[in-house]
$ cat run.cif   # mmCIF, C-alpha atoms and all ligand atoms
data_upload
#
loop_
_atom_site.label_atom_id
_atom_site.label_comp_id
_atom_site.auth_asym_id
_atom_site.auth_seq_id
_atom_site.Cartn_x
_atom_site.Cartn_y
_atom_site.Cartn_z
CA MET A 93 -48.37 -41.12 138.08
CA ASP A 94 -46.46 -44.14 136.80
CA PRO A 95 -47.97 -47.19 138.56
CA TYR A 96 -44.98 -49.45 137.92
CA GLU A 97 -41.73 -49.32 139.82
CA ILE A 98 -38.53 -49.86 137.82
CA ARG A 99 -35.44 -50.40 139.92
CA MET A 100 -32.25 -52.36 140.25
CA LEU A 101 -32.60 -55.85 141.72
CA GLU A 102 -30.85 -56.36 145.03
CA ASN A 103 -28.88 -59.57 145.40
CA HIS A 104 -31.05 -60.91 148.22
CA GLU A 105 -34.08 -60.77 145.87
CA ILE A 106 -32.55 -63.15 143.34
CA GLU A 107 -34.97 -66.01 144.16
CA SER A 108 -37.96 -63.84 143.15
CA TRP A 109 -36.22 -62.89 139.92
CA PHE A 110 -35.41 -66.56 139.27
CA ASP A 111 -39.15 -67.41 139.44
CA LEU A 112 -39.70 -64.88 136.64
CA ARG A 113 -36.75 -66.33 134.72
CA LEU A 114 -38.25 -69.84 134.83
CA ALA A 115 -41.62 -68.48 133.68
CA ALA A 116 -39.87 -66.63 130.81
CA LEU A 117 -37.97 -69.72 129.63
CA LYS A 118 -41.22 -71.70 129.62
CA ASP A 119 -43.30 -68.98 127.96
CA ALA A 120 -40.85 -67.90 125.23
CA PRO A 121 -38.32 -70.69 124.56
CA ALA A 122 -37.11 -69.19 121.26
CA ALA A 123 -36.24 -65.93 123.02
CA PHE A 124 -33.60 -67.35 125.35
CA LEU A 125 -30.64 -69.69 124.94
CA GLU A 126 -31.15 -71.43 128.28
CA THR A 127 -33.76 -74.18 128.65
CA VAL A 128 -36.07 -74.60 131.65
CA ASP A 129 -34.32 -77.88 132.50
CA GLU A 130 -30.88 -76.26 132.40
CA ALA A 131 -32.05 -73.40 134.61
CA LYS A 132 -33.55 -75.83 137.12
CA GLN A 133 -30.46 -78.02 137.04
CA PHE A 134 -28.00 -75.21 137.76
CA GLY A 135 -30.39 -73.21 139.92
CA VAL A 136 -30.09 -69.62 141.03
CA GLU A 137 -26.49 -69.80 142.30
CA PRO A 138 -24.67 -69.07 139.00
CA TYR A 139 -26.77 -65.93 138.54
CA LEU A 140 -26.15 -64.79 142.09
CA LYS A 141 -22.42 -65.47 141.75
CA ARG A 142 -22.26 -63.36 138.58
CA LEU A 143 -24.12 -60.49 140.24
CA ILE A 144 -21.87 -60.58 143.30
CA GLU A 145 -18.65 -60.83 141.29
CA GLY A 146 -19.77 -58.29 138.71
CA GLY A 147 -20.85 -55.65 141.21
CA LYS A 148 -21.91 -52.49 139.41
CA ASP A 149 -20.79 -53.99 136.08
CA ASN A 150 -23.41 -56.76 136.12
CA VAL A 151 -26.91 -55.70 137.15
CA LEU A 152 -30.56 -56.53 136.64
CA PHE A 153 -33.36 -54.00 136.38
CA VAL A 154 -36.81 -55.19 137.33
CA CYS A 155 -40.38 -53.96 137.20
CA GLN A 156 -42.41 -54.66 140.27
CA ASP A 157 -46.17 -54.55 140.70
CA ARG A 158 -47.60 -54.98 144.20
CA GLY A 159 -44.52 -56.83 145.34
CA GLU A 160 -44.25 -59.17 142.37
CA ILE A 161 -41.46 -58.95 139.81
CA VAL A 162 -43.23 -58.82 136.43
CA GLY A 163 -40.40 -57.88 134.07
CA SER A 164 -36.65 -57.67 133.88
CA VAL A 165 -33.64 -56.63 131.78
CA GLY A 166 -30.02 -57.51 132.49
CA VAL A 167 -27.00 -55.42 131.48
CA VAL A 168 -23.41 -56.57 131.82
CA LYS A 169 -20.24 -54.67 130.99
CA ASN A 170 -17.50 -56.51 129.16
CA THR A 171 -14.57 -57.05 131.51
CA ARG A 172 -11.92 -57.73 128.85
CA LYS A 173 -9.73 -54.64 128.53
CA LYS A 174 -10.14 -54.27 124.77
CA LEU A 175 -13.92 -54.76 125.03
CA SER A 176 -14.47 -52.61 128.11
CA HIS A 177 -16.11 -49.85 126.06
CA SER A 178 -19.07 -52.20 125.49
CA ALA A 179 -21.97 -53.77 127.39
CA PHE A 180 -24.46 -56.51 126.57
CA ILE A 181 -28.20 -56.54 127.27
CA TRP A 182 -29.80 -59.89 128.03
CA GLY A 183 -32.86 -61.52 129.62
CA VAL A 184 -35.45 -59.04 128.34
CA TYR A 185 -38.85 -60.25 129.49
CA VAL A 186 -42.27 -58.95 130.59
CA MET A 187 -45.02 -61.26 131.84
CA PRO A 188 -47.88 -61.62 129.28
CA ASP A 189 -50.51 -59.85 131.45
CA TYR A 190 -48.25 -56.80 131.73
CA ARG A 191 -47.33 -56.37 128.08
CA LYS A 192 -48.13 -53.37 125.87
CA LYS A 193 -48.00 -51.00 128.84
CA GLY A 194 -44.56 -49.58 128.15
CA ILE A 195 -42.79 -51.69 130.80
CA ALA A 196 -40.09 -53.14 128.52
CA ARG A 197 -39.37 -49.68 127.13
CA MET A 198 -38.94 -48.31 130.68
CA LEU A 199 -36.68 -51.23 131.63
CA MET A 200 -34.57 -50.82 128.50
CA ASN A 201 -34.29 -47.05 129.00
CA GLN A 202 -33.04 -47.62 132.55
CA ALA A 203 -30.52 -50.21 131.37
CA ILE A 204 -29.27 -47.96 128.55
CA ALA A 205 -28.95 -44.94 130.87
CA TYR A 206 -27.08 -47.07 133.40
CA ALA A 207 -24.72 -48.43 130.73
CA LYS A 208 -24.00 -44.89 129.60
CA GLU A 209 -23.72 -43.08 132.93
CA THR A 210 -22.37 -45.71 135.32
CA MET A 211 -20.64 -48.27 133.10
CA LYS A 212 -19.43 -45.47 130.78
CA VAL A 213 -19.64 -47.65 127.66
CA ARG A 214 -19.77 -46.41 124.08
CA VAL A 215 -21.74 -49.27 122.57
CA ILE A 216 -24.42 -51.72 123.74
CA HIS A 217 -24.88 -55.06 122.02
CA LEU A 218 -27.72 -57.59 122.14
CA SER A 219 -28.93 -60.62 120.21
CA VAL A 220 -32.52 -61.56 119.48
CA ALA A 221 -34.16 -64.50 117.76
CA GLU A 222 -35.74 -63.31 114.52
CA SER A 223 -39.04 -64.86 115.67
CA GLN A 224 -39.30 -62.30 118.49
CA ILE A 225 -40.99 -59.53 116.52
CA ALA A 226 -42.08 -57.41 119.51
CA ALA A 227 -38.60 -57.43 121.00
CA THR A 228 -36.96 -56.59 117.67
CA GLN A 229 -39.39 -53.69 117.14
CA LEU A 230 -38.63 -52.45 120.64
CA TYR A 231 -34.88 -52.50 120.06
CA VAL A 232 -35.15 -50.75 116.68
CA SER A 233 -37.35 -48.06 118.27
CA LEU A 234 -34.62 -47.50 120.86
CA GLY A 235 -31.92 -46.96 118.25
CA PHE A 236 -30.41 -50.45 118.00
CA GLU A 237 -29.28 -51.35 114.49
CA ILE A 238 -29.10 -54.85 113.03
CA TRP A 239 -25.55 -55.56 111.89
CA GLY A 240 -25.74 -59.31 111.42
CA ARG A 241 -28.14 -62.19 110.88
CA GLN A 242 -27.00 -65.64 111.93
CA PRO A 243 -28.90 -68.43 110.14
CA ASN A 244 -29.77 -71.63 112.04
CA ALA A 245 -28.77 -70.01 115.32
CA ILE A 246 -31.31 -71.27 117.88
CA CYS A 247 -32.87 -74.71 117.90
CA VAL A 248 -36.09 -75.31 119.86
CA GLY A 249 -37.41 -78.82 119.29
CA ASP A 250 -37.82 -79.26 115.54
CA LEU A 251 -37.72 -75.53 114.84
CA VAL A 252 -34.56 -73.59 114.07
CA TYR A 253 -34.50 -69.79 114.23
CA PRO A 254 -32.08 -67.21 112.86
CA GLU A 255 -30.67 -64.74 115.35
CA LEU A 256 -30.23 -61.00 114.79
CA HIS A 257 -27.23 -59.23 116.25
CA MET A 258 -27.87 -55.58 117.10
CA SER A 259 -25.90 -52.68 118.54
CA LYS A 260 -26.64 -49.18 119.78
CA GLN A 261 -23.90 -46.57 119.72
CA ILE A 262 -23.85 -44.29 122.77
CA PRO A 263 -23.09 -40.67 121.86
C1 LIG B 301 -40.59 -58.02 123.93
C2 LIG B 301 -41.31 -57.72 125.25
C3 LIG B 301 -40.28 -57.66 126.37
C4 LIG B 301 -42.01 -56.35 125.10
O1 LIG B 301 -42.55 -56.02 126.38
P1 LIG B 301 -43.70 -54.93 126.56
O2 LIG B 301 -43.64 -54.44 127.96
O3 LIG B 301 -44.98 -55.44 126.06
O4 LIG B 301 -43.20 -53.77 125.56
P2 LIG B 301 -43.64 -52.24 125.60
O5 LIG B 301 -45.08 -52.14 125.99
O6 LIG B 301 -42.66 -51.47 126.42
O7 LIG B 301 -43.53 -51.81 124.07
C5 LIG B 301 -42.39 -51.13 123.61
C6 LIG B 301 -42.26 -51.33 122.12
O8 LIG B 301 -42.05 -52.69 121.79
C7 LIG B 301 -42.66 -52.99 120.53
N1 LIG B 301 -43.73 -53.95 120.74
C8 LIG B 301 -44.25 -54.37 121.91
N2 LIG B 301 -45.18 -55.32 121.70
C9 LIG B 301 -45.26 -55.48 120.36
C10 LIG B 301 -46.01 -56.34 119.53
N3 LIG B 301 -46.92 -57.20 120.02
N4 LIG B 301 -45.80 -56.27 118.18
C11 LIG B 301 -44.89 -55.41 117.65
N5 LIG B 301 -44.14 -54.57 118.42
C12 LIG B 301 -44.32 -54.61 119.74
C13 LIG B 301 -43.20 -51.66 120.02
O9 LIG B 301 -42.16 -51.01 119.30
C14 LIG B 301 -43.47 -50.92 121.32
O10 LIG B 301 -43.51 -49.54 121.14
P3 LIG B 301 -44.94 -48.81 120.90
O11 LIG B 301 -45.84 -49.22 122.03
O12 LIG B 301 -44.59 -47.37 120.91
O13 LIG B 301 -45.44 -49.32 119.60
C15 LIG B 301 -42.38 -58.80 125.55
O14 LIG B 301 -43.25 -58.92 124.45
C16 LIG B 301 -41.80 -60.15 125.89
O15 LIG B 301 -41.44 -60.42 127.05
N6 LIG B 301 -41.69 -61.06 124.86
C17 LIG B 301 -41.18 -62.42 125.07
C18 LIG B 301 -39.71 -62.45 125.44
C19 LIG B 301 -38.80 -61.89 124.39
O16 LIG B 301 -39.02 -61.95 123.19
N7 LIG B 301 -37.69 -61.32 124.88
C20 LIG B 301 -36.63 -60.79 124.05
C21 LIG B 301 -35.37 -61.56 124.29
S1 LIG B 301 -34.02 -60.94 123.27
#

$ encode --input "run.cif" --output "structure tokens"
Amino acid sequence: MDPYEIRMLENHEIESWFDLRLAALKDAPAAFLETVDEAKQFGVEPYLKRLIEGGKDNVLFVCQDRGEIVGSVGVVKNTRKKLSHSAFIWGVYVMPDYRKKGIARMLMNQAIAYAKETMKVRVIHLSVAESQIAATQLYVSLGFEIWGRQPNAICVGDLVYPELHMSKQIP
């Protein structure tokens, strides 16, 4: 039996998810555009507002172990009419102690299935810093294709990383 529960986050649980978000920003700064200081400054409210306003078109999937959120993936449908056939995946993260157990793959599969069946999109986009080898491998294994490489995209301290832009077509 699968020991890990993957499910959609409910809005009232956003504080628990935000704890994971802060840990992710600290642990893997090159993987995310937001800094820890920015996240602390703006707090949880902007995320909650987006979830409330987005409804079923802006959701987070989480993995929970014994009550603690240990991983998450966000998926948001584009609201612009001419882009409404597409969704974007963001905030992919699994806590270090829980890695290499298939959790990110389960989270991504849930997000992809949701984008296909509920959001009814035909393409899913994401962006990943080239330094994030595990994440890039994961996305390739799930059928995402690299269509662009943006040099000098993400700056963390003195280091500057290229970013890969990837898409998965939904049949
Ligand atoms: C990327 C990340 C989410 C993967 O989480 P995970 O739960 O360990 O991943 P899984 O166990 O589900 O592995 C799924 C696939 O990812 C790839 N992968 C995972 N860890 C890897 C590693 N250390 N090296 C290379 N590929 C790796 C493999 O393709 C793997 O499939 P396989 O087990 O059949 O080989 C995790 O390493 C992480 O949180 N990294 C830091 C944050 C980050 O880079 N986020 C991406 C933002 S765009």

$ residues_near_ligand --input "run.cif" --ligand "ligand LIG 301 (chain B)" --cutoff "9 Å" --atoms "only C-alpha atoms and all ligand atoms" --output "PyMOL selection string"
chain A and resi 116-117+119-124+163-165+181-200+218-221+223-234

$ atom_distance --input "run.cif" --atom1 "CA of Leu175 in chain A" --atom2 "CA of Met100 in chain A"
23.9 Å

$ closest_residue --input "run.cif" --among "A:Ile238, A:Leu112, A:Ala207, A:Met258" --to "Gln156 in chain A" --atoms "only C-alpha atoms"
A:Leu112

$ closest_residue --input "run.cif" --among "A:Tyr206, A:Lys118, A:Met211, A:Ile106" --to "Glu130 in chain A" --atoms "only C-alpha atoms"
A:Lys118

$ closest_residue --input "run.cif" --among "A:Arg99, A:Glu222, A:Glu255, A:Phe134" --to "Leu152 in chain A" --atoms "only C-alpha atoms"
A:Arg99

$ closest_residue --input "run.cif" --among "A:Ile161, A:Val248, A:Cys155, A:Ile262" --to "Lys208 in chain A" --atoms "only C-alpha atoms"
A:Ile262

$ atom_distance --input "run.cif" --atom1 "CA of Pro95 in chain A" --atom2 "CA of Glu209 in chain A"
25.2 Å

$ closest_residue --input "run.cif" --among "A:Pro243, A:Tyr96, A:Gly235, A:Gln261" --to "Gly159 in chain A" --atoms "all atoms listed in the file"
A:Tyr96

$ closest_residue --input "run.cif" --among "A:Asp149, A:Asp111, A:Glu137, A:Glu105" --to "His177 in chain A" --atoms "only C-alpha atoms"
A:Asp149

$ atom_distance --input "run.cif" --atom1 "CA of Gly240 in chain A" --atom2 "CA of Ile216 in chain A"
14.5 Å

$ residues_around --input "run.cif" --residues "Tyr139 in chain A" --least-positions-apart "5" --cutoff "10 Å" --atoms "only C-alpha atoms" --output "list of chain:residue names"
A:Asn103, A:Ile106, A:Glu107, A:Phe110, A:Ala131, A:Phe134, A:Ile144, A:Glu145
